[in-house]
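J.: Let me give you the structure first, and then I'll get to my questions.
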Amino acid sequence: MPPRVPHSDFFAPSNKRCIKARRATGRQNAAPVAAGHGPQTKWASLRNAIGAIADLTSEKGRPPTTTIEGAEVPVWQITAVYGRAARRCTIQLYGGILMCGIVGYIGPRQAQTVILQGLKRLEYRGYDSAGVAVLAQNGHIAVRRDVGKLNNLEAMVASSPLAGHIGIGHTRWATHGAPTQRNAHPHVSMNGRVVVVHNGIVENYLALRSELSAEGVSFASETDTEVIVQLIERYLDAGQSFETAVRQTLQQLKGANAVVAMCLDNPDRLICARLGNAGGITIGLGDEEVFIASDIPAILEYTRDMIFLENRQMAIVTPHSFEITTLDGRPSTPDRHTIAWDPVSAAKGEYKHFMQKEIFEQPRALI
Ligand code: GLU
């Protein structure tokens, strides 16, 4: 049986000679067939083609873009030769598969250290800017972010460290708004109560943004992401709890999105959620600490005990607990997975990228 990939980024509608894999931007009638559900031939083709994309990404940088519903979206179109008959396989990826990363941490360690290390392990996904936010002990949200490589962010954090035990970080692949410092994540709400990192595209952000602007919210970035954080704060200001504010906000979003939110009023928790396929949300359970990431390698050095959020699930995590519900509030009992593979030997092994390894080894990875 082909493997099931619980947090796969891929959709692979396919015919005999061609795979069009579309990263979920929530449209393009993608007729979603998750990678690994199809016949073995399709699976093998996709594996080869993904290898080609991973190579192209590291060599050539940014892909061309197209406009979908007013948003500029990167599009990969790569033709790879595969199989004994040297058949051709064309892949189109709307949004790009190597897009951005999320890391969150709550526990006794210094959050910035865990987050920067985790982001480094997600570098293979590609990004144009990076940032980190920590809930500082003096009771405010401190943010550092910069364009370019993680080294820039590391230098910034080294000269101006963030002390605190709860934080979120992000590597961005811009879809809305240029790759600039002020568009880099994390994004903080107007009154500084909430901060979020986000992967994906809020398709209805224009409508939400004009609604919020009409109510007096001032925006500090050009991103679609900022509507999320401003909406959460609006619900908090209206007296809702952090959990309800996030839930109500997420229920309004259209598109494929992965989000992690942190709130000044609730310094004991992070809330994360997954809507569709926008890079996945993996929760790593440690001893009195919890890790959140787009992908397994970011947190594998700390724990092998992991949960993968399903579509339209939300998790509230504290250092000692996790609670998973559907977006409409029904409790969910997640499967816990023990990840067997070793990040160090994986890095030195036959795979150029963790994503390749993840895809190729899923059948052996989950027990
Ligand atoms: N759409 C968001 C932005 O442009 C998130 C992009 C990403 O997934 O990195 O900032």
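For the structure tokens, the naming scheme is as follows: chains receive sequential letters (A, B, ...) according to their order of presentation, residues are indexed from 1 within each chain, and ligands are indexed from 1 in presentation order.
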Identify, on the basis of only C-alpha atoms, every residue whose closest approach to segment 141-151 of chain A does not exceed 6 Å; exclude the query and any residue fewer than 6 positions from it along the same chain; express the result as a list in words.
T.: Asp128, Ser129, Ala130, Gly131, Val132, Ala133, Val134, Leu135, Thr180 and Gln181 of chain A
J.: Name the residues, by chain letter and number, that sit within 7 Å of ligand 1 using only C-alpha atoms and all ligand atoms, and give them as a list in words.
T.: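 Taking only C-alpha atoms and all ligand atoms into account, the residues around ligand 1 at most 7 Å away are Met99, Cys100, Gly101, Thr171, Arg172, Trp173, Ala174, Thr175, His176, Gly177, Asn183, Ala184, His185, His198, Asn199, Gly200, Ile201, Val202, Thr223, Asp224 and Thr225 of chain A.
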J.: How would the residues just chosen look if you wrote them out with N, CA and C atoms as a PDB file, in the first residue's frame?
T.:
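Contents of selection.pdb, as written:
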ATOM      1  N   MET A  99       7.690  26.089   0.859  1.00  0.00           N
ATOM      2  CA  MET A  99       7.268  27.418   1.266  1.00  0.00           C
ATOM      3  C   MET A  99       7.220  27.523   2.777  1.00  0.00           C
ATOM      4  N   CYS A 100       8.054  28.334   3.309  1.00  0.00           N
ATOM      5  CA  CYS A 100       7.925  28.857   4.665  1.00  0.00           C
ATOM      6  C   CYS A 100       7.872  27.808   5.779  1.00  0.00           C
ATOM      7  N   GLY A 101       8.124  28.269   6.973  1.00  0.00           N
ATOM      8  CA  GLY A 101       8.120  27.373   8.118  1.00  0.00           C
ATOM      9  C   GLY A 101       7.639  28.066   9.374  1.00  0.00           C
ATOM     10  N   THR A 171       9.675  31.380   8.971  1.00  0.00           N
ATOM     11  CA  THR A 171      10.387  31.739   7.747  1.00  0.00           C
ATOM     12  C   THR A 171       9.321  31.955   6.694  1.00  0.00           C
ATOM     13  N   ARG A 172       9.385  33.085   6.014  1.00  0.00           N
ATOM     14  CA  ARG A 172       8.295  33.505   5.118  1.00  0.00           C
ATOM     15  C   ARG A 172       8.660  33.315   3.653  1.00  0.00           C
ATOM     16  N   TRP A 173       7.686  32.906   2.889  1.00  0.00           N
ATOM     17  CA  TRP A 173       7.775  32.951   1.434  1.00  0.00           C
ATOM     18  C   TRP A 173       6.618  33.843   1.020  1.00  0.00           C
ATOM     19  N   ALA A 174       6.939  35.087   0.699  1.00  0.00           N
ATOM     20  CA  ALA A 174       5.908  36.115   0.529  1.00  0.00           C
ATOM     21  C   ALA A 174       4.888  35.741  -0.539  1.00  0.00           C
ATOM     22  N   THR A 175       3.624  35.874  -0.198  1.00  0.00           N
ATOM     23  CA  THR A 175       2.567  35.779  -1.211  1.00  0.00           C
ATOM     24  C   THR A 175       1.825  37.106  -1.329  1.00  0.00           C
ATOM     25  N   HIS A 176       1.669  37.832  -0.230  1.00  0.00           N
ATOM     26  CA  HIS A 176       0.948  39.107  -0.235  1.00  0.00           C
ATOM     27  C   HIS A 176       1.846  40.148   0.429  1.00  0.00           C
ATOM     28  N   GLY A 177       2.336  41.065  -0.377  1.00  0.00           N
ATOM     29  CA  GLY A 177       3.270  42.054   0.163  1.00  0.00           C
ATOM     30  C   GLY A 177       4.694  41.608  -0.114  1.00  0.00           C
ATOM     31  N   ASN A 183       6.825  43.358   6.410  1.00  0.00           N
ATOM     32  CA  ASN A 183       5.897  42.289   6.025  1.00  0.00           C
ATOM     33  C   ASN A 183       6.313  40.932   6.597  1.00  0.00           C
ATOM     34  N   ALA A 184       7.523  40.864   7.156  1.00  0.00           N
ATOM     35  CA  ALA A 184       7.986  39.584   7.722  1.00  0.00           C
ATOM     36  C   ALA A 184       7.150  39.249   8.956  1.00  0.00           C
ATOM     37  N   HIS A 185       7.007  37.962   9.219  1.00  0.00           N
ATOM     38  CA  HIS A 185       6.278  37.515  10.403  1.00  0.00           C
ATOM     39  C   HIS A 185       7.269  37.415  11.558  1.00  0.00           C
ATOM     40  N   HIS A 198       2.038  32.642  10.330  1.00  0.00           N
ATOM     41  CA  HIS A 198       1.024  32.081   9.433  1.00  0.00           C
ATOM     42  C   HIS A 198       1.683  31.566   8.159  1.00  0.00           C
ATOM     43  N   ASN A 199       1.274  30.386   7.753  1.00  0.00           N
ATOM     44  CA  ASN A 199       1.637  29.856   6.439  1.00  0.00           C
ATOM     45  C   ASN A 199       0.363  29.749   5.623  1.00  0.00           C
ATOM     46  N   GLY A 200       0.454  30.128   4.361  1.00  0.00           N
ATOM     47  CA  GLY A 200      -0.697  29.957   3.488  1.00  0.00           C
ATOM     48  C   GLY A 200      -1.219  31.280   2.976  1.00  0.00           C
ATOM     49  N   ILE A 201      -2.468  31.258   2.564  1.00  0.00           N
ATOM     50  CA  ILE A 201      -3.076  32.440   1.955  1.00  0.00           C
ATOM     51  C   ILE A 201      -4.491  32.618   2.499  1.00  0.00           C
ATOM     52  N   VAL A 202      -4.765  33.817   3.036  1.00  0.00           N
ATOM     53  CA  VAL A 202      -6.135  34.151   3.438  1.00  0.00           C
ATOM     54  C   VAL A 202      -6.816  34.720   2.196  1.00  0.00           C
ATOM     55  N   THR A 223       0.444  42.414   4.318  1.00  0.00           N
ATOM     56  CA  THR A 223       0.193  40.973   4.228  1.00  0.00           C
ATOM     57  C   THR A 223      -1.280  40.625   4.432  1.00  0.00           C
ATOM     58  N   ASP A 224      -1.646  39.467   3.908  1.00  0.00           N
ATOM     59  CA  ASP A 224      -2.952  38.886   4.227  1.00  0.00           C
ATOM     60  C   ASP A 224      -2.969  38.422   5.681  1.00  0.00           C
ATOM     61  N   THR A 225      -1.823  38.008   6.185  1.00  0.00           N
ATOM     62  CA  THR A 225      -1.698  37.492   7.551  1.00  0.00           C
ATOM     63  C   THR A 225      -2.226  38.464   8.596  1.00  0.00           C
TER      64      THR A 225
END
J.: Just to confirm, what's the straight-line distance from atom CA of Val194 of chain A to atom CA of Met262 of chain A in Å (one decimal)?
T.: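 Separation between atom CA of Val194 of chain A and atom CA of Met262 of chain A: 5.8 Å.
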J.: Per DSSP on the backbone, filter segment 131-218 of chain A down to the residues in strand (DSSP E) and report them as a list in words.
T.: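 Selecting the strand (DSSP E) positions of segment 131-218 of chain A gives Gly131, Val132, Ala133, Val134, Leu135, Ile141, Ala142, Val143, Arg144, Arg145, Asp146, Val147, Ile166, Gly167, Ile168, Gly169, His170, Thr171, Arg172, His187, Val188, Val194, Val195, Val196, Val197, His198, Asn199 and Gly200 of chain A.
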J.: Rounded to one decimal, what separation in Å do you get between atom CA of Ile307 of chain A and atom CA of Arg336 of chain A?
T.: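 It comes out at 5.1 Å.
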J.: Looking at A:Pro267, A:Ile228, A:Val188, A:Ser218, which one is nearest to Gln137 of chain A, with distances taken over only C-alpha atoms?
T.: A:Pro267
J.: Considering only C-alpha atoms, state which residue in the set A:Asn138, A:Gln112, A:Thr249, A:Asn204 is at the smallest distance from Val229 of chain A.
T.: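 Among the listed residues, A:Thr249 lies closest to Val229 of chain A.
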J.: Measuring atom to atom with only C-alpha atoms, identify which of A:Gln240, A:Ser294, A:Asn152, A:Thr282 is nearest to Asp335 of chain A.
T.: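 Smallest separation from Asp335 of chain A among the options: A:Thr282.
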J.: Of the residues A:Glu226, A:Gly280, A:Ser160, A:Thr113, which is the one nearest to Asn257 of chain A, using only C-alpha atoms?
T.: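 Among A:Glu226, A:Gly280, A:Ser160, A:Thr113, it is A:Gly280 that comes nearest to Asn257 of chain A.
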J.: So which one's closest to Pro186 of chain A, A:Val259, A:Leu250, A:Ile296, A:Ile324? Using only C-alpha atoms, please.
T.: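 Checking each of A:Val259, A:Leu250, A:Ile296, A:Ile324 against Pro186 of chain A, counting only C-alpha atoms, the winner is A:Val259.
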